[in-house]
Amino acid sequence: MIETINLNRKFGSFTAVDNLNLKIDKAEIFGFLGANGAGKTTTLRMLCGLLTPTSGTITVNGLNVVKNPEAVKRSLGYMSQKFSLYGDLRGIENLQFYTGIYGISWTAAKTNIKSLISQFDLDKYLKLKTSELPMGYKQRLSLVCALVHNPPLVFLDEPTSGVDPKARREFWQVINELAYRGKTVIVSTHFMDEAEYCNRVLIMQAGREEVCGNPLQLKQSHRVATMQQLFLKIAGADNAQS
Amino acid sequence: MTSLKVLASFVLKEFRQLARSPEMLAVLFLLPAIQLLVMGFAVTNEVKNVDISFFDYDKSHLSKSLIESFSSTDRFRIVPVSEAEHPEELLFKWKSKVVVVIPAGFERDCHGFAKPVLQVISDGIDGNSAALANAYVQGCILRFSQVMLQSRDPGLMKKDQGLDLIVRMSFNNDLKSNLNIIPGIIAVLVTVSSMVLSAISLAKEKELGTLEQLLVSPMHKYQLVAGKLLPYLIITLLQMQVAVLLAGIIFRISLAGSYPVLMLFSLIYLFTTLGLGIFISTRVNSQQQAMFFSWFMMVVMILLSGFFVPVQNMPKVIRGICFFNPLTHYMTVIREIVVKGSNLAQLRKELLILLSGGFIVFGFSLLSFRKRVK
């Protein structure tokens, strides 16, 4: 589904992403892990065409992202850390707007959106201005906005930051559901417990790939009990066992 | 067809957001109306109610009627003086702006003994007003002498009348400064609304992160820019209708020229200001920065536009800069159309300048607007 070859991104003399080679399969939940500033968001932004790589190629569904940005954008949904909702508009109006800018008529998108709304338990919140919604519901509505055009590929950039543990757990159920429906989900996070939910994770440090693989296998091969310990071990922290 | 629908949903969203924000609506419609009313009455080049005092050392019948002739107009307010005071002192203490000294023997001189002399001393701090006040004083004295000439006493001032000038002010016979200022205010209004609001509105999407969501959509950047600017284009043109209507009702300023021509020029000019709005927003990260930059630009544009000070009065270098200020040309056009009634053919030079300005600024801004993040 996604493939990168020698992907690099520099900001001046600072290398944010350093020679990244990736292959992400269809219907996979792929997690980008790393400390703040490790290059997760930069990579995600390059994958969805928001940022041009300094060098290297990215293909999504066989299409070069740099050369065919609009075609690629049609096939992906993106949810940023900031939950890009218009606070002064109602939930339903946000959905109508995002449907509109994808060039889809509301009637055509309605069935898909309705099922997402009931699945995410959002029905009674649609009439409210989104600035009045609790954080957890903002996050879910923001996800629905990213899914109005029913994309096969979903990017979630730290979707659970600022959300309480219960809402986080519920949100991961939603993510699982998406993968179950055949969508490829690419998620970045710095919560190590969330890494356990991914099919595969990539731990990044200073823009480079440290390890990549299935969480279970990674834990076994590094002889650690949790992803947290694995992360600390890789980060070179002395208290990796604690 | 689809791209039109995309645009429509964008414009709908912008108007929904505007309608949700009463402060914004007030800024859009109430504030310009107040601005027009307050500035329309307050900003005036006319000199009225000038404090004037007379030192009458002649104390004759003629000198008294000269003083009296000044009280018949609202341009002057006569400040009484006592003998003990000194003319310079009156100016120094801000008691009066103009002092007229009538020397002893004034009436006698008028009867032909010598050339009659009056001394006028003005407070020259505000040069323009002082010059105007002086002109009014001279006018009053001239009129007085003419009246005297035709009056019952044929012995008065029969010598050497010189030329009799007949002056007529074309297009603005009463020299109403409103006629110059109000179109200027409308020009400023159009600039401010379109440039500041579009810059802030785009910067707001940037600040809140919604722009990122738009950039990741397949929407074309032209659609994005058009969707963002179209509402402000419509609103600015609406505001203009309100302003033109108010100018007509309250200041009795009727449009001498053609209304469609005025709207055509405004539309062309808006491409420049909206283009500047996008340009500013591409260079800032927050609404505050956008506000700061657009206000700074606006002040420079207004000062160099000939709104307060005619461009011809400026040094050559500054005049060169003024040529590159789009507001200068729009200001000229709007005054020409409103006051003089100039038609499209007479304004073809300005049309060309504004068209190419709009093309360059809007084109450049569009190119510098990228569907990528930094």
# chains A, B, ... in the order shown; residues from 1 in each chain; ligands from 1
$ residues_around --residues "Ala35 in chain A" --least-positions-apart "6" --cutoff "8 Å" --atoms "only C-alpha atoms" --output "PyMOL selection string"
chain A and resi 190+204-205
$ write_last_selection --atoms "N, CA and C atoms" --output "PDB file, in the first residue's frame"
ATOM      1  N   HIS A 190       3.035   8.634  21.184  1.00  0.00           N
ATOM      2  CA  HIS A 190       4.145   8.439  22.109  1.00  0.00           C
ATOM      3  C   HIS A 190       3.670   7.704  23.364  1.00  0.00           C
ATOM      4  N   MET A 204      11.234   5.248  16.058  1.00  0.00           N
ATOM      5  CA  MET A 204      12.150   6.208  15.437  1.00  0.00           C
ATOM      6  C   MET A 204      12.922   6.967  16.493  1.00  0.00           C
ATOM      7  N   GLN A 205      14.144   7.302  16.134  1.00  0.00           N
ATOM      8  CA  GLN A 205      14.943   8.141  17.012  1.00  0.00           C
ATOM      9  C   GLN A 205      15.819   9.018  16.150  1.00  0.00           C
TER      10      GLN A 205
END
$ residues_around --residues "range 130-132 of chain A" --least-positions-apart "6" --cutoff "10 Å" --atoms "only C-alpha atoms" --output "list in words"
Leu85, Tyr86, Gly87, Asp88, Leu89, Arg90, Gly91, Ile92, Glu93, Asn94, Lys138, Leu141 and Ser142 of chain A
$ write_last_selection --atoms "N, CA and C atoms" --output "short mmCIF file (atom, residue, chain, number, x, y, z; two decimals), in the first residue's frame"
data_model
loop_
_atom_site.label_atom_id
_atom_site.label_comp_id
_atom_site.auth_asym_id
_atom_site.auth_seq_id
_atom_site.Cartn_x
_atom_site.Cartn_y
_atom_site.Cartn_z
N LEU A 85 -11.29 20.92 13.66
CA LEU A 85 -12.72 21.19 13.52
C LEU A 85 -12.91 22.70 13.61
N TYR A 86 -14.00 23.18 12.98
CA TYR A 86 -14.34 24.60 13.12
C TYR A 86 -15.21 24.74 14.35
N GLY A 87 -14.67 25.31 15.41
CA GLY A 87 -15.36 25.37 16.69
C GLY A 87 -16.66 26.13 16.66
N ASP A 88 -16.77 27.09 15.73
CA ASP A 88 -17.98 27.90 15.69
C ASP A 88 -19.07 27.27 14.81
N LEU A 89 -18.76 26.12 14.22
CA LEU A 89 -19.78 25.43 13.42
C LEU A 89 -20.29 24.21 14.19
N ARG A 90 -21.53 23.81 13.87
CA ARG A 90 -22.07 22.61 14.50
C ARG A 90 -21.37 21.37 13.93
N GLY A 91 -21.50 20.27 14.66
CA GLY A 91 -20.90 19.02 14.21
C GLY A 91 -21.33 18.68 12.80
N ILE A 92 -22.63 18.76 12.57
CA ILE A 92 -23.17 18.39 11.25
C ILE A 92 -22.63 19.32 10.17
N GLU A 93 -22.45 20.59 10.53
CA GLU A 93 -21.96 21.56 9.54
C GLU A 93 -20.49 21.30 9.18
N ASN A 94 -19.72 20.86 10.19
CA ASN A 94 -18.35 20.46 9.92
C ASN A 94 -18.31 19.30 8.93
N LYS A 138 -14.81 15.39 20.40
CA LYS A 138 -14.14 16.20 19.38
C LYS A 138 -13.24 15.30 18.55
N LEU A 141 -15.32 13.02 16.30
CA LEU A 141 -15.93 13.77 15.20
C LEU A 141 -14.86 14.14 14.17
N SER A 142 -13.70 14.51 14.68
CA SER A 142 -12.60 14.86 13.81
C SER A 142 -12.21 13.66 12.94
#
$ residues_around --residues "Lys206 in chain B" --least-positions-apart "6" --cutoff "9 Å" --atoms "only C-alpha atoms" --output "VMD selection string"
chain B and resid 212 281 284 to 287
$ write_last_selection --atoms "C-alpha atoms" --output "PDB file, in the first residue's frame"
ATOM      1  CA  GLU B 212      -3.677  21.593   7.356  1.00  0.00           C
ATOM      2  CA  SER B 281      -1.285  35.336   5.411  1.00  0.00           C
ATOM      3  CA  VAL B 284       2.548  34.865   9.136  1.00  0.00           C
ATOM      4  CA  ASN B 285       1.645  32.119  11.597  1.00  0.00           C
ATOM      5  CA  SER B 286      -1.042  33.693  13.729  1.00  0.00           C
ATOM      6  CA  GLN B 287      -3.975  36.049  13.535  1.00  0.00           C
TER       7      GLN B 287
END
$ interface_residues --of "chain B" --to "chain A" --cutoff "12 Å" --atoms "only C-alpha atoms" --output "PyMOL selection string"
chain B and resi 1-22+204-221+223-224+227+370-374
$ write_last_selection --atoms "N, CA and C atoms" --output "short mmCIF file (atom, residue, chain, number, x, y, z; two decimals), in the first residue's frame"
data_model
loop_
_atom_site.label_atom_id
_atom_site.label_comp_id
_atom_site.auth_asym_id
_atom_site.auth_seq_id
_atom_site.Cartn_x
_atom_site.Cartn_y
_atom_site.Cartn_z
N MET B 1 -18.28 21.44 -12.82
CA MET B 1 -19.50 21.36 -12.00
C MET B 1 -19.14 21.00 -10.56
N THR B 2 -18.34 19.94 -10.44
CA THR B 2 -17.92 19.51 -9.09
C THR B 2 -17.11 20.62 -8.42
N SER B 3 -16.24 21.26 -9.22
CA SER B 3 -15.39 22.28 -8.61
C SER B 3 -16.23 23.47 -8.14
N LEU B 4 -17.33 23.72 -8.84
CA LEU B 4 -18.23 24.78 -8.39
C LEU B 4 -18.89 24.40 -7.07
N LYS B 5 -19.24 23.12 -6.96
CA LYS B 5 -19.86 22.65 -5.71
C LYS B 5 -18.88 22.76 -4.54
N VAL B 6 -17.62 22.44 -4.83
CA VAL B 6 -16.59 22.54 -3.79
C VAL B 6 -16.51 23.99 -3.31
N LEU B 7 -16.49 24.89 -4.29
CA LEU B 7 -16.41 26.31 -3.98
C LEU B 7 -17.64 26.75 -3.17
N ALA B 8 -18.80 26.27 -3.59
CA ALA B 8 -20.04 26.65 -2.92
C ALA B 8 -20.03 26.20 -1.47
N SER B 9 -19.56 24.97 -1.22
CA SER B 9 -19.58 24.52 0.17
C SER B 9 -18.59 25.30 1.01
N PHE B 10 -17.52 25.75 0.36
CA PHE B 10 -16.54 26.57 1.09
C PHE B 10 -17.14 27.93 1.46
N VAL B 11 -17.78 28.55 0.47
CA VAL B 11 -18.37 29.87 0.71
C VAL B 11 -19.47 29.78 1.76
N LEU B 12 -20.27 28.71 1.68
CA LEU B 12 -21.33 28.50 2.67
C LEU B 12 -20.75 28.43 4.07
N LYS B 13 -19.65 27.69 4.20
CA LYS B 13 -18.99 27.55 5.51
C LYS B 13 -18.50 28.90 6.02
N GLU B 14 -17.91 29.71 5.13
CA GLU B 14 -17.41 31.02 5.55
C GLU B 14 -18.55 31.90 6.05
N PHE B 15 -19.65 31.90 5.32
CA PHE B 15 -20.77 32.74 5.73
C PHE B 15 -21.41 32.24 7.02
N ARG B 16 -21.45 30.90 7.18
CA ARG B 16 -21.97 30.34 8.43
C ARG B 16 -21.12 30.81 9.60
N GLN B 17 -19.80 30.77 9.41
CA GLN B 17 -18.91 31.20 10.49
C GLN B 17 -19.09 32.67 10.82
N LEU B 18 -19.27 33.47 9.76
CA LEU B 18 -19.48 34.90 9.96
C LEU B 18 -20.77 35.16 10.71
N ALA B 19 -21.80 34.43 10.32
CA ALA B 19 -23.11 34.64 10.94
C ALA B 19 -23.10 34.24 12.41
N ARG B 20 -22.21 33.30 12.78
CA ARG B 20 -22.13 32.84 14.16
C ARG B 20 -21.42 33.84 15.05
N SER B 21 -20.74 34.81 14.43
CA SER B 21 -19.91 35.69 15.23
C SER B 21 -20.45 37.12 15.16
N PRO B 22 -21.23 37.50 16.19
CA PRO B 22 -21.84 38.83 16.19
C PRO B 22 -20.79 39.94 16.18
N LYS B 204 -6.19 32.65 10.52
CA LYS B 204 -6.94 31.96 11.57
C LYS B 204 -6.97 30.45 11.29
N GLU B 205 -7.18 30.09 10.03
CA GLU B 205 -7.20 28.66 9.68
C GLU B 205 -5.82 28.04 9.93
N LYS B 206 -4.80 28.85 9.68
CA LYS B 206 -3.45 28.38 9.90
C LYS B 206 -3.22 28.13 11.38
N GLU B 207 -3.64 29.12 12.17
CA GLU B 207 -3.41 29.07 13.61
C GLU B 207 -4.16 27.90 14.25
N LEU B 208 -5.40 27.67 13.84
CA LEU B 208 -6.21 26.64 14.46
C LEU B 208 -5.90 25.25 13.91
N GLY B 209 -5.13 25.20 12.82
CA GLY B 209 -4.76 23.90 12.26
C GLY B 209 -5.74 23.38 11.24
N THR B 210 -6.82 24.12 10.99
CA THR B 210 -7.79 23.65 10.00
C THR B 210 -7.23 23.75 8.59
N LEU B 211 -6.27 24.66 8.40
CA LEU B 211 -5.67 24.80 7.07
C LEU B 211 -5.00 23.50 6.65
N GLU B 212 -4.35 22.84 7.64
CA GLU B 212 -3.68 21.59 7.36
C GLU B 212 -4.67 20.57 6.81
N GLN B 213 -5.84 20.56 7.42
CA GLN B 213 -6.89 19.63 6.99
C GLN B 213 -7.33 19.94 5.55
N LEU B 214 -7.35 21.22 5.21
CA LEU B 214 -7.74 21.61 3.86
C LEU B 214 -6.64 21.25 2.86
N LEU B 215 -5.39 21.39 3.31
CA LEU B 215 -4.27 21.13 2.42
C LEU B 215 -4.16 19.65 2.09
N VAL B 216 -4.63 18.81 3.01
CA VAL B 216 -4.52 17.38 2.80
C VAL B 216 -5.70 16.86 1.96
N SER B 217 -6.64 17.75 1.68
CA SER B 217 -7.77 17.35 0.83
C SER B 217 -7.36 17.55 -0.64
N PRO B 218 -8.06 16.88 -1.55
CA PRO B 218 -7.68 17.02 -2.97
C PRO B 218 -8.09 18.36 -3.58
N MET B 219 -8.70 19.20 -2.77
CA MET B 219 -9.12 20.51 -3.23
C MET B 219 -7.93 21.27 -3.84
N HIS B 220 -8.19 21.88 -4.98
CA HIS B 220 -7.13 22.63 -5.65
C HIS B 220 -6.85 23.92 -4.90
N LYS B 221 -5.61 24.39 -4.99
CA LYS B 221 -5.29 25.62 -4.24
C LYS B 221 -6.08 26.82 -4.74
N GLN B 223 -9.15 26.69 -5.74
CA GLN B 223 -10.47 26.58 -5.09
C GLN B 223 -10.40 27.08 -3.66
N LEU B 224 -9.30 26.70 -3.01
CA LEU B 224 -9.12 27.10 -1.62
C LEU B 224 -9.06 28.63 -1.51
N GLY B 227 -12.44 30.17 -2.47
CA GLY B 227 -13.43 29.94 -1.42
C GLY B 227 -13.21 30.86 -0.24
N ARG B 370 1.17 28.07 -1.22
CA ARG B 370 1.44 26.69 -1.57
C ARG B 370 0.59 25.74 -0.76
N LYS B 371 0.25 24.63 -1.43
CA LYS B 371 -0.53 23.63 -0.70
C LYS B 371 0.40 22.70 0.06
N ARG B 372 1.34 23.29 0.74
CA ARG B 372 2.26 22.47 1.54
C ARG B 372 2.49 23.20 2.85
N VAL B 373 2.92 22.43 3.85
CA VAL B 373 3.27 23.08 5.10
C VAL B 373 4.77 23.30 5.12
N LYS B 374 5.19 24.17 6.03
CA LYS B 374 6.63 24.43 6.11
C LYS B 374 7.30 23.42 7.02
#
$ closest_residue --among "A:Leu122, A:Ile29, A:Val17, A:Leu63" --to "Asn214 in chain A" --atoms "only C-alpha atoms"
A:Ile29
